[in-house]
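This is input.cif (mmCIF, C-alpha atoms).
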data_structure
loop_
_atom_site.group_PDB
_atom_site.id
_atom_site.type_symbol
_atom_site.label_atom_id
_atom_site.label_comp_id
_atom_site.auth_asym_id
_atom_site.auth_seq_id
_atom_site.Cartn_x
_atom_site.Cartn_y
_atom_site.Cartn_z
ATOM 1 C CA MET A 21 -14.708 6.155 16.889
ATOM 2 C CA LYS A 22 -12.050 3.987 18.459
ATOM 3 C CA ILE A 23 -9.933 2.731 15.567
ATOM 4 C CA LEU A 24 -7.085 0.238 15.448
ATOM 5 C CA VAL A 25 -4.507 0.564 12.640
ATOM 6 C CA THR A 26 -1.992 -2.173 11.906
ATOM 7 C CA GLY A 27 1.132 -1.025 10.097
ATOM 8 C CA CYS A 28 0.656 2.419 11.664
ATOM 9 C CA ALA A 29 4.300 3.417 11.108
ATOM 10 C CA GLY A 30 4.304 2.419 7.448
ATOM 11 C CA PHE A 31 4.007 4.629 4.391
ATOM 12 C CA ILE A 32 0.235 4.517 3.881
ATOM 13 C CA GLY A 33 -0.623 3.569 7.469
ATOM 14 C CA SER A 34 1.102 6.576 9.027
ATOM 15 C CA ASN A 35 -0.557 9.010 6.616
ATOM 16 C CA LEU A 36 -3.893 7.388 7.445
ATOM 17 C CA VAL A 37 -3.255 7.670 11.205
ATOM 18 C CA ASP A 38 -2.522 11.388 10.893
ATOM 19 C CA ARG A 39 -5.782 11.972 9.058
ATOM 20 C CA LEU A 40 -7.806 9.915 11.560
ATOM 21 C CA LEU A 41 -6.362 11.861 14.481
ATOM 22 C CA ILE A 42 -7.017 15.213 12.812
ATOM 23 C CA SER A 43 -10.638 14.080 12.414
ATOM 24 C CA GLY A 44 -10.859 13.495 16.166
ATOM 25 C CA HIS A 45 -10.831 9.694 16.300
ATOM 26 C CA GLU A 46 -9.135 7.674 19.036
ATOM 27 C CA VAL A 47 -6.414 5.574 17.384
ATOM 28 C CA ILE A 48 -4.482 2.520 18.545
ATOM 29 C CA GLY A 49 -1.492 1.906 16.276
ATOM 30 C CA LEU A 50 0.319 -1.433 16.021
ATOM 31 C CA ASP A 51 3.719 -1.810 14.354
ATOM 32 C CA ASN A 52 7.066 -3.488 14.961
ATOM 33 C CA PHE A 53 9.133 -1.257 12.641
ATOM 34 C CA SER A 54 10.075 -4.155 10.376
ATOM 35 C CA THR A 55 9.356 -1.829 7.455
ATOM 36 C CA GLY A 56 7.781 1.152 9.225
ATOM 37 C CA ARG A 57 9.716 4.168 10.490
ATOM 38 C CA GLN A 58 9.723 5.787 13.927
ATOM 39 C CA LYS A 59 9.829 9.236 12.321
ATOM 40 C CA PHE A 60 6.546 8.545 10.532
ATOM 41 C CA ILE A 61 4.601 8.489 13.815
ATOM 42 C CA ASP A 62 6.384 11.419 15.497
ATOM 43 C CA ASN A 63 3.459 13.691 14.653
ATOM 44 C CA ALA A 64 0.857 11.145 15.783
ATOM 45 C CA LEU A 65 2.577 10.769 19.151
ATOM 46 C CA LYS A 66 1.777 14.412 19.885
ATOM 47 C CA PHE A 67 -1.930 13.518 20.068
ATOM 48 C CA THR A 68 -3.354 12.352 23.385
ATOM 49 C CA LYS A 69 -5.847 10.179 21.460
ATOM 50 C CA PHE A 70 -3.033 8.114 19.897
ATOM 51 C CA GLN A 71 -1.677 5.007 21.575
ATOM 52 C CA PHE A 72 1.285 3.283 19.943
ATOM 53 C CA ILE A 73 2.065 -0.369 20.650
ATOM 54 C CA ASN A 74 5.242 -2.017 19.402
ATOM 55 C CA CYS A 75 4.211 -5.607 18.745
ATOM 56 C CA ASP A 76 4.585 -8.472 16.286
ATOM 57 C CA LEU A 77 1.295 -9.446 14.652
ATOM 58 C CA LEU A 78 2.617 -12.965 14.136
ATOM 59 C CA SER A 79 2.293 -13.396 17.900
ATOM 60 C CA ALA A 80 -1.438 -14.183 17.957
ATOM 61 C CA GLU A 81 -1.520 -14.713 21.719
ATOM 62 C CA SER A 82 -0.236 -11.237 22.573
ATOM 63 C CA ILE A 83 -2.276 -8.978 20.264
ATOM 64 C CA GLY A 84 -5.866 -9.889 21.145
ATOM 65 C CA LYS A 85 -6.132 -7.508 24.124
ATOM 66 C CA TYR A 86 -5.571 -4.478 21.897
ATOM 67 C CA PHE A 87 -8.796 -5.156 19.977
ATOM 68 C CA ASP A 88 -11.106 -4.827 22.977
ATOM 69 C CA SER A 89 -13.721 -2.048 22.579
ATOM 70 C CA VAL A 90 -12.430 -1.207 19.088
ATOM 71 C CA ASP A 91 -15.044 -0.052 16.546
ATOM 72 C CA VAL A 92 -13.046 -0.440 13.326
ATOM 73 C CA VAL A 93 -9.805 -2.114 12.223
ATOM 74 C CA PHE A 94 -7.657 -0.781 9.405
ATOM 75 C CA HIS A 95 -5.372 -3.685 8.523
ATOM 76 C CA PHE A 96 -2.527 -2.054 6.579
ATOM 77 C CA SER A 97 0.370 -4.144 7.857
ATOM 78 C CA ALA A 98 2.071 -6.207 5.135
ATOM 79 C CA ASN A 99 5.232 -7.219 3.381
ATOM 80 C CA ALA A 100 4.842 -5.189 0.195
ATOM 81 C CA ASP A 101 7.990 -6.212 -1.650
ATOM 82 C CA VAL A 102 6.817 -7.915 -4.838
ATOM 83 C CA ARG A 103 10.224 -7.862 -6.492
ATOM 84 C CA PHE A 104 12.115 -10.051 -4.012
ATOM 85 C CA GLY A 105 9.284 -12.404 -3.091
ATOM 86 C CA THR A 106 10.891 -15.439 -4.733
ATOM 87 C CA LEU A 107 14.000 -15.013 -2.581
ATOM 88 C CA ASN A 108 12.012 -15.487 0.623
ATOM 89 C CA PRO A 109 8.609 -17.036 -0.198
ATOM 90 C CA LYS A 110 7.782 -17.678 3.452
ATOM 91 C CA LYS A 111 7.781 -13.939 4.161
ATOM 92 C CA ASP A 112 4.660 -13.241 2.087
ATOM 93 C CA LEU A 113 2.849 -16.148 3.707
ATOM 94 C CA GLU A 114 3.732 -15.035 7.227
ATOM 95 C CA GLN A 115 3.578 -11.249 6.994
ATOM 96 C CA ASN A 116 0.487 -11.107 4.769
ATOM 97 C CA THR A 117 -1.670 -14.221 5.074
ATOM 98 C CA ILE A 118 -0.973 -15.537 8.579
ATOM 99 C CA VAL A 119 -0.936 -12.043 10.073
ATOM 100 C CA THR A 120 -4.318 -11.353 8.458
ATOM 101 C CA PHE A 121 -5.695 -14.542 10.003
ATOM 102 C CA ASN A 122 -4.394 -13.413 13.410
ATOM 103 C CA VAL A 123 -6.046 -10.010 13.001
ATOM 104 C CA LEU A 124 -9.369 -11.598 12.012
ATOM 105 C CA GLU A 125 -9.244 -13.977 14.964
ATOM 106 C CA ALA A 126 -8.557 -11.084 17.336
ATOM 107 C CA MET A 127 -11.523 -9.245 15.811
ATOM 108 C CA ARG A 128 -13.783 -12.291 16.163
ATOM 109 C CA LYS A 129 -12.888 -12.830 19.798
ATOM 110 C CA SER A 130 -13.332 -9.132 20.629
ATOM 111 C CA GLY A 131 -16.531 -8.701 18.632
ATOM 112 C CA VAL A 132 -15.131 -6.125 16.183
ATOM 113 C CA LYS A 133 -17.430 -6.038 13.143
ATOM 114 C CA LYS A 134 -15.696 -3.765 10.605
ATOM 115 C CA ILE A 135 -12.365 -4.100 8.778
ATOM 116 C CA LEU A 136 -10.758 -2.052 6.009
ATOM 117 C CA PHE A 137 -7.967 -3.934 4.269
ATOM 118 C CA SER A 138 -5.122 -2.895 1.973
ATOM 119 C CA SER A 139 -4.972 -5.439 -0.826
ATOM 120 C CA THR A 140 -3.323 -4.871 -4.215
ATOM 121 C CA GLY A 141 -3.939 -4.647 -7.933
ATOM 122 C CA SER A 142 -1.354 -7.433 -8.190
ATOM 123 C CA VAL A 143 -4.141 -9.934 -7.473
ATOM 124 C CA TYR A 144 -5.200 -9.523 -11.112
ATOM 125 C CA GLY A 145 -1.864 -10.892 -12.325
ATOM 126 C CA GLU A 146 -1.509 -10.043 -16.003
ATOM 127 C CA ALA A 147 -5.159 -9.194 -16.554
ATOM 128 C CA ALA A 148 -6.854 -9.875 -19.876
ATOM 129 C CA VAL A 149 -9.249 -6.951 -19.344
ATOM 130 C CA ILE A 150 -7.834 -3.398 -19.433
ATOM 131 C CA PRO A 151 -8.865 -1.206 -17.624
ATOM 132 C CA THR A 152 -9.328 -3.980 -15.084
ATOM 133 C CA PRO A 153 -12.609 -4.010 -13.085
ATOM 134 C CA GLU A 154 -13.107 -5.578 -9.659
ATOM 135 C CA ASN A 155 -15.062 -8.498 -11.145
ATOM 136 C CA CYS A 156 -12.391 -9.403 -13.678
ATOM 137 C CA PRO A 157 -11.679 -13.164 -13.652
ATOM 138 C CA PHE A 158 -8.451 -13.938 -11.828
ATOM 139 C CA PRO A 159 -5.703 -15.247 -14.095
ATOM 140 C CA ILE A 160 -2.748 -17.427 -13.138
ATOM 141 C CA GLN A 161 -0.873 -15.643 -10.372
ATOM 142 C CA THR A 162 2.502 -14.149 -11.250
ATOM 143 C CA SER A 163 3.780 -13.119 -7.804
ATOM 144 C CA LEU A 164 3.857 -14.618 -4.331
ATOM 145 C CA TYR A 165 2.812 -11.232 -3.009
ATOM 146 C CA GLY A 166 -0.346 -11.201 -5.128
ATOM 147 C CA ALA A 167 -1.099 -14.806 -4.203
ATOM 148 C CA SER A 168 -0.767 -14.036 -0.488
ATOM 149 C CA LYS A 169 -3.118 -11.068 -0.804
ATOM 150 C CA ILE A 170 -5.731 -13.200 -2.577
ATOM 151 C CA ALA A 171 -5.522 -15.582 0.360
ATOM 152 C CA CYS A 172 -6.071 -12.622 2.699
ATOM 153 C CA GLU A 173 -9.110 -11.514 0.743
ATOM 154 C CA GLY A 174 -10.494 -15.040 0.909
ATOM 155 C CA LEU A 175 -10.049 -15.179 4.665
ATOM 156 C CA ILE A 176 -11.714 -11.809 5.127
ATOM 157 C CA SER A 177 -14.660 -12.794 2.931
ATOM 158 C CA SER A 178 -15.101 -16.024 4.865
ATOM 159 C CA TYR A 179 -15.043 -14.232 8.223
ATOM 160 C CA CYS A 180 -17.589 -11.729 6.916
ATOM 161 C CA GLU A 181 -19.886 -14.579 5.945
ATOM 162 C CA GLY A 182 -19.306 -16.651 9.059
ATOM 163 C CA TYR A 183 -19.224 -13.959 11.741
ATOM 164 C CA GLY A 184 -21.205 -11.014 10.365
ATOM 165 C CA ILE A 185 -18.202 -8.784 9.760
ATOM 166 C CA ASN A 186 -18.327 -5.883 7.283
ATOM 167 C CA ALA A 187 -15.274 -5.373 5.059
ATOM 168 C CA SER A 188 -13.924 -2.888 2.557
ATOM 169 C CA ILE A 189 -11.039 -4.285 0.516
ATOM 170 C CA PHE A 190 -8.866 -1.881 -1.463
ATOM 171 C CA ARG A 191 -6.907 -3.080 -4.485
ATOM 172 C CA PHE A 192 -4.271 -0.397 -4.905
ATOM 173 C CA VAL A 193 -2.080 0.504 -7.796
ATOM 174 C CA SER A 194 1.373 1.631 -6.599
ATOM 175 C CA ILE A 195 1.049 4.488 -4.119
ATOM 176 C CA LEU A 196 3.365 7.514 -4.188
ATOM 177 C CA GLY A 197 3.900 10.572 -2.033
ATOM 178 C CA GLU A 198 5.273 11.722 1.297
ATOM 179 C CA ARG A 199 6.891 8.941 3.395
ATOM 180 C CA TYR A 200 7.333 6.728 0.324
ATOM 181 C CA THR A 201 10.468 4.613 0.799
ATOM 182 C CA HIS A 202 9.993 1.677 -1.535
ATOM 183 C CA GLY A 203 9.646 1.238 -5.280
ATOM 184 C CA HIS A 204 11.044 2.438 -8.566
ATOM 185 C CA VAL A 205 10.883 6.195 -7.874
ATOM 186 C CA PHE A 206 12.796 5.649 -4.636
ATOM 187 C CA ASP A 207 15.343 3.455 -6.431
ATOM 188 C CA PHE A 208 15.820 5.944 -9.261
ATOM 189 C CA VAL A 209 16.243 8.922 -6.934
ATOM 190 C CA ARG A 210 18.727 6.994 -4.816
ATOM 191 C CA GLN A 211 20.744 6.019 -7.876
ATOM 192 C CA LEU A 212 20.791 9.580 -9.202
ATOM 193 C CA ARG A 213 21.853 10.983 -5.838
ATOM 194 C CA GLU A 214 24.824 8.637 -5.891
ATOM 195 C CA ASN A 215 25.641 9.138 -9.583
ATOM 196 C CA PRO A 216 23.680 11.787 -11.530
ATOM 197 C CA ASN A 217 25.325 10.718 -14.778
ATOM 198 C CA SER A 218 23.974 7.163 -15.023
ATOM 199 C CA LEU A 219 20.683 5.356 -14.328
ATOM 200 C CA ASN A 220 20.023 1.605 -14.436
ATOM 201 C CA ILE A 221 16.451 0.649 -15.379
ATOM 202 C CA LEU A 222 14.997 -2.843 -15.076
ATOM 203 C CA GLY A 223 13.257 -4.060 -18.233
ATOM 204 C CA ASN A 224 12.988 -1.933 -21.353
ATOM 205 C CA GLY A 225 11.377 1.113 -19.714
ATOM 206 C CA LYS A 226 8.183 0.618 -21.710
ATOM 207 C CA GLN A 227 6.282 -1.088 -18.896
ATOM 208 C CA ARG A 228 2.981 0.742 -18.437
ATOM 209 C CA LYS A 229 2.028 1.490 -14.856
ATOM 210 C CA SER A 230 -0.591 3.421 -12.934
ATOM 211 C CA TYR A 231 0.169 5.276 -9.706
ATOM 212 C CA LEU A 232 -1.857 7.096 -7.042
ATOM 213 C CA TYR A 233 -0.896 9.902 -4.665
ATOM 214 C CA VAL A 234 -1.057 8.799 -1.034
ATOM 215 C CA GLN A 235 -3.449 11.523 0.162
ATOM 216 C CA ASP A 236 -5.854 10.663 -2.661
ATOM 217 C CA CYS A 237 -5.610 7.053 -1.509
ATOM 218 C CA VAL A 238 -6.412 8.028 2.081
ATOM 219 C CA ASP A 239 -9.351 10.140 0.860
ATOM 220 C CA ALA A 240 -10.847 7.048 -0.786
ATOM 221 C CA VAL A 241 -10.273 4.852 2.256
ATOM 222 C CA LEU A 242 -11.909 7.343 4.608
ATOM 223 C CA LEU A 243 -14.863 7.720 2.252
ATOM 224 C CA ALA A 244 -15.376 3.956 2.323
ATOM 225 C CA LEU A 245 -15.207 4.049 6.123
ATOM 226 C CA LEU A 246 -18.234 6.345 6.201
ATOM 227 C CA SER A 247 -20.216 4.380 3.621
ATOM 228 C CA GLN A 248 -23.045 2.108 4.749
ATOM 229 C CA ASN A 249 -22.228 -0.837 2.479
ATOM 230 C CA GLU A 250 -22.723 -4.215 4.168
ATOM 231 C CA GLY A 251 -20.850 -7.470 3.634
ATOM 232 C CA VAL A 252 -17.734 -7.487 1.462
ATOM 233 C CA ASN A 253 -16.991 -4.437 -0.690
ATOM 234 C CA ILE A 254 -14.059 -4.424 -3.084
ATOM 235 C CA PHE A 255 -12.698 -1.185 -4.523
ATOM 236 C CA ASN A 256 -9.964 -0.570 -7.067
ATOM 237 C CA LEU A 257 -7.944 2.557 -6.255
ATOM 238 C CA GLY A 258 -5.992 4.346 -8.956
ATOM 239 C CA VAL A 259 -6.204 7.144 -11.505
ATOM 240 C CA ASP A 260 -7.832 6.989 -14.914
ATOM 241 C CA ASP A 261 -4.439 6.960 -16.586
ATOM 242 C CA PHE A 262 -1.111 5.167 -16.843
ATOM 243 C CA CYS A 263 2.415 6.028 -17.881
ATOM 244 C CA GLU A 264 5.510 4.267 -19.140
ATOM 245 C CA VAL A 265 8.420 3.832 -16.765
ATOM 246 C CA ASN A 266 10.364 5.974 -19.239
ATOM 247 C CA HIS A 267 7.903 8.817 -18.641
ATOM 248 C CA SER A 268 8.495 8.697 -14.889
ATOM 249 C CA VAL A 269 12.253 8.644 -15.514
ATOM 250 C CA ALA A 270 11.950 11.853 -17.529
ATOM 251 C CA TRP A 271 9.882 13.561 -14.794
ATOM 252 C CA ILE A 272 12.336 12.490 -12.081
ATOM 253 C CA CYS A 273 15.359 13.676 -14.049
ATOM 254 C CA GLU A 274 13.709 17.003 -14.806
ATOM 255 C CA GLU A 275 12.830 17.578 -11.157
ATOM 256 C CA MET A 276 16.368 16.665 -10.053
ATOM 257 C CA ASN A 277 17.906 18.666 -12.910
ATOM 258 C CA VAL A 278 20.040 15.770 -14.169
ATOM 259 C CA SER A 279 20.602 14.211 -17.611
ATOM 260 C CA PRO A 280 21.950 10.699 -17.038
ATOM 261 C CA SER A 281 22.722 8.033 -19.593
ATOM 262 C CA LEU A 282 20.058 5.314 -19.386
ATOM 263 C CA HIS A 283 20.966 1.630 -19.147
ATOM 264 C CA TYR A 284 18.238 -1.016 -19.545
ATOM 265 C CA SER A 285 18.384 -4.626 -18.372
ATOM 266 C CA GLY A 286 16.089 -5.569 -21.284
ATOM 267 C CA GLY A 287 12.850 -7.509 -21.680
ATOM 268 C CA ASP A 288 9.285 -6.343 -21.177
ATOM 269 C CA ARG A 289 9.340 -6.640 -17.358
ATOM 270 C CA GLY A 290 11.758 -5.876 -14.574
ATOM 271 C CA TRP A 291 11.567 -9.082 -12.512
ATOM 272 C CA ILE A 292 9.573 -12.255 -11.984
ATOM 273 C CA GLY A 293 6.037 -11.162 -11.171
ATOM 274 C CA ASP A 294 6.423 -7.683 -12.641
ATOM 275 C CA ASN A 295 3.243 -6.852 -14.553
ATOM 276 C CA PRO A 296 4.113 -4.958 -17.763
ATOM 277 C CA PHE A 297 0.694 -3.244 -17.894
ATOM 278 C CA ILE A 298 -1.341 -2.125 -14.862
ATOM 279 C CA PHE A 299 -4.450 0.013 -15.323
ATOM 280 C CA LEU A 300 -7.457 -0.416 -13.024
ATOM 281 C CA ASP A 301 -11.086 0.534 -13.569
ATOM 282 C CA THR A 302 -12.076 2.740 -10.595
ATOM 283 C CA LYS A 303 -15.719 3.481 -11.410
ATOM 284 C CA ARG A 304 -16.958 1.685 -8.275
ATOM 285 C CA ILE A 305 -15.159 3.948 -5.773
ATOM 286 C CA GLN A 306 -15.920 6.989 -7.925
ATOM 287 C CA GLN A 307 -19.630 6.208 -7.583
ATOM 288 C CA LEU A 308 -19.239 6.963 -3.860
ATOM 289 C CA GLY A 309 -18.083 10.471 -4.803
ATOM 290 C CA TRP A 310 -14.289 10.040 -4.875
ATOM 291 C CA THR A 311 -11.947 11.388 -7.517
ATOM 292 C CA PRO A 312 -8.162 11.717 -7.221
ATOM 293 C CA LYS A 313 -6.838 15.266 -7.074
ATOM 294 C CA LEU A 314 -3.313 14.663 -8.412
ATOM 295 C CA SER A 315 -2.199 13.207 -11.735
ATOM 296 C CA ILE A 316 0.462 10.519 -11.960
ATOM 297 C CA LYS A 317 3.079 13.109 -12.940
ATOM 298 C CA GLU A 318 2.159 15.364 -10.021
ATOM 299 C CA GLY A 319 2.377 12.391 -7.641
ATOM 300 C CA VAL A 320 5.826 11.454 -8.941
ATOM 301 C CA ILE A 321 7.073 15.036 -8.556
ATOM 302 C CA ARG A 322 5.702 15.299 -4.999
ATOM 303 C CA THR A 323 7.496 12.039 -4.186
ATOM 304 C CA VAL A 324 10.826 13.242 -5.590
ATOM 305 C CA GLN A 325 10.505 16.463 -3.590
ATOM 306 C CA PHE A 326 9.869 14.511 -0.390
ATOM 307 C CA LEU A 327 12.878 12.262 -0.995
ATOM 308 C CA GLN A 328 15.159 15.193 -1.757
ATOM 309 C CA ASN A 329 14.054 17.017 1.391
ATOM 310 C CA ASN A 330 14.433 13.976 3.678
ATOM 311 C CA ASP A 331 17.945 12.603 3.288
ATOM 312 C CA TRP A 332 17.516 10.304 6.272
ATOM 313 C CA VAL A 333 15.300 7.895 4.287
ATOM 314 C CA PHE A 334 18.381 6.804 2.328
ATOM 315 C CA SER A 335 20.514 5.939 5.362
ATOM 316 C CA GLU A 336 21.446 2.293 5.699
ATOM 317 C CA GLU A 337 19.699 1.796 9.022
ATOM 318 C CA THR A 338 16.322 2.700 7.480
ATOM 319 C CA LEU A 339 16.561 0.423 4.439
ATOM 320 C CA ASN A 340 15.085 -3.094 4.525
#

Translate the structure described by the file into structure tokens.
Amino acid sequence: MKILVTGCAGFIGSNLVDRLLISGHEVIGLDNFSTGRQKFIDNALKFTKFQFINCDLLSAESIGKYFDSVDVVFHFSANADVRFGTLNPKKDLEQNTIVTFNVLEAMRKSGVKKILFSSTGSVYGEAAVIPTPENCPFPIQTSLYGASKIACEGLISSYCEGYGINASIFRFVSILGERYTHGHVFDFVRQLRENPNSLNILGNGKQRKSYLYVQDCVDAVLLALLSQNEGVNIFNLGVDDFCEVNHSVAWICEEMNVSPSLHYSGGDRGWIGDNPFIFLDTKRIQQLGWTPKLSIKEGVIRTVQFLQNNDWVFSEETLN
């Protein structure tokens, strides 16, 4: 297949591109390195079937030509920073919602009929149902990021209905693993590299979270690609478990062989929009034959090992 991947130099997108190329697909990758990393596509660039295009998806007029003759679009480009959304509310609107509209318009004009989209478990806000299924009623939104992703899902659903497009929408928990450069494990490792004797933790450390290893995530996405489901298909992706932030702190400290004093900011959440309990019901994707291979603890440890073995991810020029 000829596949287009937006956000191809990002954390999940670059791991997906590698797997698609290994499987023999022709891949067009779009990214502007606003959050992606050049190093993440170094391996992909070795493949003759990979074409990289540095472009801004906000420029609707310039991206349409790249969708010609494409069979499938993986739309994985996004601003994924929930924590600082209130400091720049326009960013979520532009980078998530408007960009998704531009991608859908390019698909419509080029006749592309299949899209796989990276949404988020944040769309459930602070869900009343735990574990949270895909048909859980949406509560009041608690983050601009989650709100922007709901808008994306609505646009995709409408295009599916209006133009005969088939969509798989993935509501992720937080993803961990190789090429991870954003989130609490990254922040904790960076702090402990700078000062192994002290660690600042937002909230009270008792927030309960679920995480998923990136290769398990890609396994699920590729399985959905091969499924024959029509219309709009929504899948939660996560493990059948959760942990406290304090648990992940202990695993990180053990792997780094440090024993810092812990300092909490207090409260039951780390920031505005931080959900103190995330645990998704994943029966729907499991019915297709998918099960994650790594536990949350194993995913955290793999992530710490990657960060320790790749010092460059902490350099100032790579941080956004």

Subject >> Residues in the PyMOL selection byres ((chain A and resi 267) around 12), expressed as a list in words >> reply: Val205, Gly225, Lys226, Gln227, Arg228, Lys229, Ser230, Phe262, Cys263, Glu264, Val265, Asn266, Ser268, Val269, Ala270, Trp271, Ile272, Cys273, Glu274, Ile316, Lys317, Val320 and Ile321 of chain A

**OP:** Show me as a list in words the residues that reach within 12 Å of (-21.4, -5.7, 0.9), counting all atoms listed in the file and using the file's own coordinates.
**Re:**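 Looking at atoms near the point gives Lys134, Ser177, Cys180, Glu181, Gly184, Ile185, Asn186, Ala187, Ser188, Ile189, Ala244, Ser247, Gln248, Asn249, Glu250, Gly251, Val252, Asn253, Ile254 and Phe255 of chain A.
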
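You will find atom CA of A:Glu125 at 23.8 Å from atom CA of A:Ser34.
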
**OP:** Any chance you could resolve the PyMOL selection byres ((chain A and resi 67) around 12) against this file and give the residues as a ChimeraX atom specification?
**Re:** /A:37-48,61-66,68-72

**OP:** Please measure the separation of atom CA of A:Lys59 and atom CA of A:His202, giving the value in Å to one decimal.
**Re:** 15.8 Å
